[in-house]
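K.L.:
This is model24.cif (mmCIF, C-alpha atoms and all ligand atoms).
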```
data_structure
#
loop_
_atom_site.group_PDB
_atom_site.id
_atom_site.type_symbol
_atom_site.label_atom_id
_atom_site.label_comp_id
_atom_site.auth_asym_id
_atom_site.auth_seq_id
_atom_site.Cartn_x
_atom_site.Cartn_y
_atom_site.Cartn_z
ATOM 1 C CA MET A 19 -6.861 14.460 19.275
ATOM 2 C CA SER A 20 -6.006 11.122 20.849
ATOM 3 C CA ASP A 21 -2.416 9.950 21.286
ATOM 4 C CA LEU A 22 -3.093 7.090 18.927
ATOM 5 C CA THR A 23 -4.289 9.429 16.182
ATOM 6 C CA GLU A 24 -1.180 11.540 16.653
ATOM 7 C CA LEU A 25 1.023 8.486 16.467
ATOM 8 C CA TYR A 26 -0.732 7.348 13.302
ATOM 9 C CA GLN A 27 -0.322 10.773 11.727
ATOM 10 C CA GLU A 28 3.365 10.706 12.520
ATOM 11 C CA VAL A 29 3.736 7.363 10.750
ATOM 12 C CA ILE A 30 1.998 8.718 7.637
ATOM 13 C CA LEU A 31 3.978 11.965 7.635
ATOM 14 C CA ASP A 32 7.215 10.048 8.066
ATOM 15 C CA HIS A 33 6.484 7.666 5.187
ATOM 16 C CA ASN A 34 5.449 10.578 2.986
ATOM 17 C CA LYS A 35 8.592 12.540 3.783
ATOM 18 C CA ARG A 36 10.977 9.597 3.568
ATOM 19 C CA PRO A 37 9.206 7.012 1.416
ATOM 20 C CA ARG A 38 10.691 3.516 1.726
ATOM 21 C CA ASN A 39 11.690 1.642 -1.430
ATOM 22 C CA PHE A 40 10.924 4.687 -3.579
ATOM 23 C CA ARG A 41 12.811 3.622 -6.703
ATOM 24 C CA LYS A 42 12.452 1.521 -9.816
ATOM 25 C CA ILE A 43 13.496 -2.131 -10.070
ATOM 26 C CA ASP A 44 15.454 -2.644 -13.294
ATOM 27 C CA GLN A 45 13.994 -5.948 -14.394
ATOM 28 C CA PRO A 46 10.867 -6.561 -12.347
ATOM 29 C CA THR A 47 9.137 -9.925 -12.636
ATOM 30 C CA HIS A 48 5.851 -8.123 -11.962
ATOM 31 C CA PHE A 49 4.855 -4.532 -12.600
ATOM 32 C CA ALA A 50 1.715 -2.411 -12.641
ATOM 33 C CA GLU A 51 0.755 1.227 -12.868
ATOM 34 C CA GLY A 52 -2.116 2.576 -10.821
ATOM 35 C CA HIS A 53 -4.083 5.752 -11.437
ATOM 36 C CA ASN A 54 -6.454 7.548 -9.147
ATOM 37 C CA PRO A 55 -8.092 10.165 -11.387
ATOM 38 C CA LEU A 56 -10.038 11.687 -8.488
ATOM 39 C CA CYS A 57 -6.862 12.917 -6.826
ATOM 40 C CA GLY A 58 -4.324 12.664 -9.647
ATOM 41 C CA ASP A 59 -2.189 10.006 -7.969
ATOM 42 C CA GLU A 60 -0.079 7.956 -10.378
ATOM 43 C CA LEU A 61 2.046 5.197 -8.913
ATOM 44 C CA SER A 62 3.986 2.287 -10.388
ATOM 45 C CA ILE A 63 4.631 -0.849 -8.383
ATOM 46 C CA PHE A 64 7.633 -3.055 -9.132
ATOM 47 C CA LEU A 65 8.129 -6.566 -7.825
ATOM 48 C CA ASP A 66 10.902 -9.100 -8.028
ATOM 49 C CA ILE A 67 9.330 -12.420 -7.132
ATOM 50 C CA GLN A 68 11.429 -15.577 -6.923
ATOM 51 C CA ASP A 69 9.985 -18.952 -5.888
ATOM 52 C CA ASP A 70 6.751 -17.357 -4.612
ATOM 53 C CA LYS A 71 8.722 -14.974 -2.410
ATOM 54 C CA ILE A 72 8.824 -11.195 -2.784
ATOM 55 C CA ASP A 73 12.567 -10.649 -2.955
ATOM 56 C CA ASP A 74 12.138 -6.973 -3.692
ATOM 57 C CA VAL A 75 9.271 -4.528 -4.028
ATOM 58 C CA SER A 76 9.372 -0.840 -4.797
ATOM 59 C CA PHE A 77 7.284 2.016 -6.082
ATOM 60 C CA ASP A 78 7.700 5.119 -8.159
ATOM 61 C CA GLY A 79 5.562 7.974 -9.390
ATOM 62 C CA GLN A 80 3.742 10.876 -7.847
ATOM 63 C CA GLY A 81 0.816 11.271 -5.571
ATOM 64 C CA CYS A 82 -0.572 12.894 -2.477
ATOM 65 C CA ALA A 83 0.775 12.187 0.999
ATOM 66 C CA ILE A 84 -1.739 9.414 1.660
ATOM 67 C CA SER A 85 -1.078 7.523 -1.568
ATOM 68 C CA LYS A 86 2.691 7.743 -1.127
ATOM 69 C CA ALA A 87 2.607 6.801 2.536
ATOM 70 C CA SER A 88 0.369 3.838 1.764
ATOM 71 C CA ALA A 89 2.700 2.603 -0.997
ATOM 72 C CA SER A 90 5.725 3.092 1.239
ATOM 73 C CA LEU A 91 4.101 1.197 4.118
ATOM 74 C CA MET A 92 3.139 -1.542 1.679
ATOM 75 C CA THR A 93 6.664 -2.072 0.356
ATOM 76 C CA ALA A 94 8.121 -2.041 3.863
ATOM 77 C CA ARG A 95 5.585 -4.643 4.992
ATOM 78 C CA LEU A 96 5.815 -7.018 2.029
ATOM 79 C CA LYS A 97 9.517 -7.202 1.282
ATOM 80 C CA GLY A 98 10.759 -10.740 1.947
ATOM 81 C CA LYS A 99 7.246 -12.125 2.384
ATOM 82 C CA SER A 100 5.641 -14.970 0.449
ATOM 83 C CA ILE A 101 2.830 -14.349 -2.042
ATOM 84 C CA GLU A 102 0.460 -16.056 0.363
ATOM 85 C CA GLU A 103 1.456 -13.722 3.209
ATOM 86 C CA ALA A 104 1.080 -10.766 0.861
ATOM 87 C CA ARG A 105 -2.459 -11.840 -0.021
ATOM 88 C CA GLU A 106 -3.312 -12.075 3.679
ATOM 89 C CA VAL A 107 -2.045 -8.541 4.242
ATOM 90 C CA ILE A 108 -4.045 -7.338 1.202
ATOM 91 C CA SER A 109 -7.199 -8.838 2.662
ATOM 92 C CA GLU A 110 -6.560 -7.195 6.055
ATOM 93 C CA VAL A 111 -5.946 -3.852 4.342
ATOM 94 C CA ARG A 112 -9.285 -4.224 2.570
ATOM 95 C CA LYS A 113 -10.967 -4.766 5.935
ATOM 96 C CA LEU A 114 -9.132 -1.775 7.382
ATOM 97 C CA LEU A 115 -9.928 0.685 4.577
ATOM 98 C CA ILE A 116 -13.103 -0.526 2.932
ATOM 99 C CA GLY A 117 -14.935 -2.482 5.548
ATOM 100 C CA PRO A 118 -17.669 -3.611 6.124
ATOM 101 C CA GLU A 119 -18.165 -1.270 9.042
ATOM 102 C CA ASP A 120 -18.030 -4.011 11.672
ATOM 103 C CA SER A 121 -15.030 -5.854 10.213
ATOM 104 C CA LYS A 122 -12.104 -6.312 12.557
ATOM 105 C CA PRO A 123 -8.805 -6.164 10.723
ATOM 106 C CA ASP A 124 -5.900 -8.099 12.185
ATOM 107 C CA LEU A 125 -3.814 -5.189 13.485
ATOM 108 C CA GLU A 126 -0.846 -7.429 14.166
ATOM 109 C CA ALA A 127 -0.762 -8.572 10.547
ATOM 110 C CA LEU A 128 -1.032 -4.948 9.418
ATOM 111 C CA GLY A 129 1.683 -3.475 11.628
ATOM 112 C CA ASP A 130 2.331 0.192 10.781
ATOM 113 C CA ILE A 131 -0.204 -0.001 7.942
ATOM 114 C CA ALA A 132 -2.882 0.362 10.623
ATOM 115 C CA ALA A 133 -1.898 4.044 10.613
ATOM 116 C CA LEU A 134 -4.065 4.412 7.508
ATOM 117 C CA GLU A 135 -7.205 3.581 9.453
ATOM 118 C CA GLY A 136 -8.232 7.226 9.803
ATOM 119 C CA VAL A 137 -8.749 7.659 6.054
ATOM 120 C CA LYS A 138 -11.748 5.326 6.205
ATOM 121 C CA LYS A 139 -13.802 8.322 7.340
ATOM 122 C CA PHE A 140 -13.007 10.188 4.123
ATOM 123 C CA ALA A 141 -14.396 8.331 1.111
ATOM 124 C CA ILE A 142 -12.312 10.314 -1.356
ATOM 125 C CA ARG A 143 -9.117 9.560 0.578
ATOM 126 C CA VAL A 144 -9.786 5.831 0.664
ATOM 127 C CA LYS A 145 -8.984 5.664 -3.056
ATOM 128 C CA CYS A 146 -5.639 7.346 -2.398
ATOM 129 C CA ALA A 147 -4.834 4.785 0.291
ATOM 130 C CA THR A 148 -5.960 1.753 -1.720
ATOM 131 C CA LEU A 149 -4.248 2.776 -4.978
ATOM 132 C CA ALA A 150 -0.919 1.065 -4.309
ATOM 133 C CA TRP A 151 -2.745 -2.063 -3.142
ATOM 134 C CA HIS A 152 -4.880 -2.175 -6.293
ATOM 135 C CA ALA A 153 -1.714 -1.840 -8.346
ATOM 136 C CA LEU A 154 -0.064 -4.585 -6.309
ATOM 137 C CA GLU A 155 -2.973 -6.931 -6.977
ATOM 138 C CA ALA A 156 -2.922 -6.052 -10.667
ATOM 139 C CA ALA A 157 0.808 -6.778 -10.802
ATOM 140 C CA LEU A 158 0.358 -10.122 -9.049
ATOM 141 C CA GLU A 159 -2.373 -11.016 -11.547
ATOM 142 C CA GLY A 160 -0.160 -10.087 -14.458
ATOM 143 C CA LYS A 161 -2.093 -6.965 -15.461
ATOM 144 C CA SER A 162 -0.031 -3.892 -16.087
ATOM 145 C CA THR A 163 -2.485 -1.098 -15.370
ATOM 146 C CA THR A 164 -5.267 -0.433 -12.938
ATOM 147 C CA SER A 165 -7.447 2.458 -11.962
ATOM 148 C CA THR A 166 -9.451 3.178 -8.845
ATOM 149 C CA GLU A 167 -12.361 4.153 -11.117
HETATM 150 ZN ZN ZN B 1 -4.405 11.053 -3.416
#
```
When written as structure tokens, how does the structure in this file appear?
P.N.:
Amino acid sequence: MSDLTELYQEVILDHNKRPRNFRKIDQPTHFAEGHNPLCGDELSIFLDIQDDKIDDVSFDGQGCAISKASASLMTARLKGKSIEEAREVISEVRKLLIGPEDSKPDLEALGDIAALEGVKKFAIRVKCATLAWHALEAALEGKSTTSTE
């Protein structure tokens, strides 16, 4: 196992064990629930957006280590960012997790989220990793539920 893989695994384990922003927001401006029936992950994403800026973002629910770590990494990355910046990160995450094969995600824009790269090799795990991001997009579009199916 390479050092980088070990480092990435540590990031995921850490975010699973101590998820960041793992709580509800009382009166979110945006909210969506995401389901991944393949794995049984069920996450809710809460956002408090003021003047196109993500003042607060959090998540709640239950899921496997990958889905929780991905949601935790997402909230840590997007808090305080503008909607435009959030959309850029979403598009880099799509490159990282879904591809195409030769796509080069902007690792600087992704930060710690790049730790999820390894799941790309496991098709079934990709849906765990993308769940929170699908829910985020649904919330931004004003939909309240989404499913990876
Ligand atoms: Zn899962």
K.L.:
Within 6 Å of ligand ZN 1 (chain B), counting all atoms listed in the file: which residues, as an mmCIF file with C-alpha atoms, in the coordinates of the input?
P.N.:
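Written output follows (out.cif):
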```
data_model
loop_
_atom_site.group_PDB
_atom_site.id
_atom_site.type_symbol
_atom_site.label_atom_id
_atom_site.label_comp_id
_atom_site.auth_asym_id
_atom_site.auth_seq_id
_atom_site.Cartn_x
_atom_site.Cartn_y
_atom_site.Cartn_z
ATOM 1 C CA CYS A 57 -6.862 12.917 -6.826
ATOM 2 C CA ASP A 59 -2.189 10.006 -7.969
ATOM 3 C CA GLY A 81 0.816 11.271 -5.571
ATOM 4 C CA CYS A 82 -0.572 12.894 -2.477
ATOM 5 C CA ILE A 84 -1.739 9.414 1.660
ATOM 6 C CA SER A 85 -1.078 7.523 -1.568
ATOM 7 C CA CYS A 146 -5.639 7.346 -2.398
#
```
K.L.:
Looking at all atoms listed in the file, which of A:Pro123, A:His48, A:Asp70, A:Ala141 is the one that sits closest to A:Ala153?
P.N.:
A:His48
K.L.:
Please write the residues picked by the PyMOL selection byres (((chain A and resi 23) around 12) and not hetatm) on this file as a PyMOL selection string.
P.N.:
chain A and resi 19-22+24-30+132-137
K.L.:
Selected residues, C-alpha atoms, written as a short mmCIF file (atom, residue, chain, number, x, y, z; two decimals), keeping the file's coordinate frame, please.
P.N.:
```
data_model
loop_
_atom_site.label_atom_id
_atom_site.label_comp_id
_atom_site.auth_asym_id
_atom_site.auth_seq_id
_atom_site.Cartn_x
_atom_site.Cartn_y
_atom_site.Cartn_z
CA MET A 19 -6.86 14.46 19.27
CA SER A 20 -6.01 11.12 20.85
CA ASP A 21 -2.42 9.95 21.29
CA LEU A 22 -3.09 7.09 18.93
CA GLU A 24 -1.18 11.54 16.65
CA LEU A 25 1.02 8.49 16.47
CA TYR A 26 -0.73 7.35 13.30
CA GLN A 27 -0.32 10.77 11.73
CA GLU A 28 3.36 10.71 12.52
CA VAL A 29 3.74 7.36 10.75
CA ILE A 30 2.00 8.72 7.64
CA ALA A 132 -2.88 0.36 10.62
CA ALA A 133 -1.90 4.04 10.61
CA LEU A 134 -4.07 4.41 7.51
CA GLU A 135 -7.20 3.58 9.45
CA GLY A 136 -8.23 7.23 9.80
CA VAL A 137 -8.75 7.66 6.05
#
```
K.L.:
Distance atom CA of A:Ile67-atom CA of A:His53, one decimal place?
P.N.:
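About the pair atom CA of A:Ile67 and atom CA of A:His53: they are 23.0 Å apart.
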K.L.:
Which residues are near A:Ser121? Cut-off 12 Å, all atoms listed in the file, ignore same chain within fewer than 5 positions. Put them as number ranges by chain.
P.N.:
A: 109-116
K.L.:
For the selection you just gave me, I'd like the residues written to a file as a JSON list (two decimals), in the frame of the given file, keeping C-alpha atoms.
P.N.:
```
[["chain", "number", "residue", "atom", "x", "y", "z"],
["A", 109, "SER", "CA", -7.20, -8.84, 2.66],
["A", 110, "GLU", "CA", -6.56, -7.20, 6.06],
["A", 111, "VAL", "CA", -5.95, -3.85, 4.34],
["A", 112, "ARG", "CA", -9.28, -4.22, 2.57],
["A", 113, "LYS", "CA", -10.97, -4.77, 5.94],
["A", 114, "LEU", "CA", -9.13, -1.78, 7.38],
["A", 115, "LEU", "CA", -9.93, 0.68, 4.58],
["A", 116, "ILE", "CA", -13.10, -0.53, 2.93]]
```
K.L.:
Which value, in Å to one decimal, gives the distance between atom CA of A:Thr47 and atom CA of A:Glu102?
P.N.:
16.8 Å
K.L.:
What separation in Å, quoted to one decimal, exists between atom CA of A:Thr148 and atom CA of A:Lys71?
P.N.:
22.3 Å
K.L.:
Selection in question (the file shown): the PyMOL selection byres (((chain A and resi 41) around 7) and not hetatm). Which residues does it include, as an mmCIF file with C-alpha atoms, keeping the file's coordinate frame?
P.N.:
```cif
data_model
loop_
_atom_site.group_PDB
_atom_site.id
_atom_site.type_symbol
_atom_site.label_atom_id
_atom_site.label_comp_id
_atom_site.auth_asym_id
_atom_site.auth_seq_id
_atom_site.Cartn_x
_atom_site.Cartn_y
_atom_site.Cartn_z
ATOM 1 C CA ASN A 39 11.690 1.642 -1.430
ATOM 2 C CA PHE A 40 10.924 4.687 -3.579
ATOM 3 C CA LYS A 42 12.452 1.521 -9.816
ATOM 4 C CA ILE A 43 13.496 -2.131 -10.070
ATOM 5 C CA SER A 76 9.372 -0.840 -4.797
ATOM 6 C CA PHE A 77 7.284 2.016 -6.082
ATOM 7 C CA ASP A 78 7.700 5.119 -8.159
#
```
K.L.:
Out of A:Gly117, A:Pro46, A:Gly52, A:Gly129, which residue has the shortest atom-to-atom distance to A:Val144 when counting only C-alpha atoms?
P.N.:
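Under the stated criterion, the closest residue is A:Gly117.
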K.L.:
Give the answer as one residue: which of A:Glu167, A:Asp66, A:Glu103, A:Glu126 has the shortest atom-to-atom distance to A:His152, using all atoms listed in the file?
P.N.:
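Closest residue, counting all atoms listed in the file: A:Glu167.
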K.L.:
Which one is closest to A:Gln45: A:Ala83, A:Leu31, A:Ile108, A:Leu65? Count only C-alpha atoms.
P.N.:
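Using only C-alpha atoms, A:Gln45 sits closest to A:Leu65.
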K.L.:
Please determine, counting only C-alpha atoms, which residue among A:Arg36, A:Ser88, A:Glu119, A:Asn54 has the shortest atom-to-atom distance to A:Lys138.
P.N.:
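Of all the options, A:Glu119 lies closest to A:Lys138.
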K.L.:
Of the candidates A:Asp74, A:Glu51, A:Asp32, A:Asp124, which shows the shortest atom-to-atom distance to A:Lys97, using only C-alpha atoms?
P.N.:
A:Asp74
K.L.:
Once 4 Å is added on each side, what are the centre and the three edge lengths, in Å to one decimal, of the axis-aligned box enclosing the listed atoms of stretch 150-167 of chain A? Present them as lines of an AutoDock Vina configuration file.
P.N.:
```
center_x = -5.8
center_y = -3.4
center_z = -9.6
size_x = 21.2
size_y = 23.2
size_z = 20.9
```
K.L.:
Might you spell out which residues the PyMOL selection byres (((chain A and resi 161) around 12) and not hetatm) would select in the displayed file, as JSON, numbers by chain?
P.N.:
{"A": [47, 48, 49, 50, 51, 52, 63, 152, 153, 154, 155, 156, 157, 158, 159, 160, 162, 163, 164, 165]}
K.L.:
Could you dump the residues just selected with C-alpha atoms as a tab-separated table (two decimals), keeping the file's coordinate frame?
P.N.:
```
chain	number	residue	atom	x	y	z
A	47	THR	CA	9.14	-9.93	-12.64
A	48	HIS	CA	5.85	-8.12	-11.96
A	49	PHE	CA	4.86	-4.53	-12.60
A	50	ALA	CA	1.72	-2.41	-12.64
A	51	GLU	CA	0.76	1.23	-12.87
A	52	GLY	CA	-2.12	2.58	-10.82
A	63	ILE	CA	4.63	-0.85	-8.38
A	152	HIS	CA	-4.88	-2.17	-6.29
A	153	ALA	CA	-1.71	-1.84	-8.35
A	154	LEU	CA	-0.06	-4.58	-6.31
A	155	GLU	CA	-2.97	-6.93	-6.98
A	156	ALA	CA	-2.92	-6.05	-10.67
A	157	ALA	CA	0.81	-6.78	-10.80
A	158	LEU	CA	0.36	-10.12	-9.05
A	159	GLU	CA	-2.37	-11.02	-11.55
A	160	GLY	CA	-0.16	-10.09	-14.46
A	162	SER	CA	-0.03	-3.89	-16.09
A	163	THR	CA	-2.48	-1.10	-15.37
A	164	THR	CA	-5.27	-0.43	-12.94
A	165	SER	CA	-7.45	2.46	-11.96
```
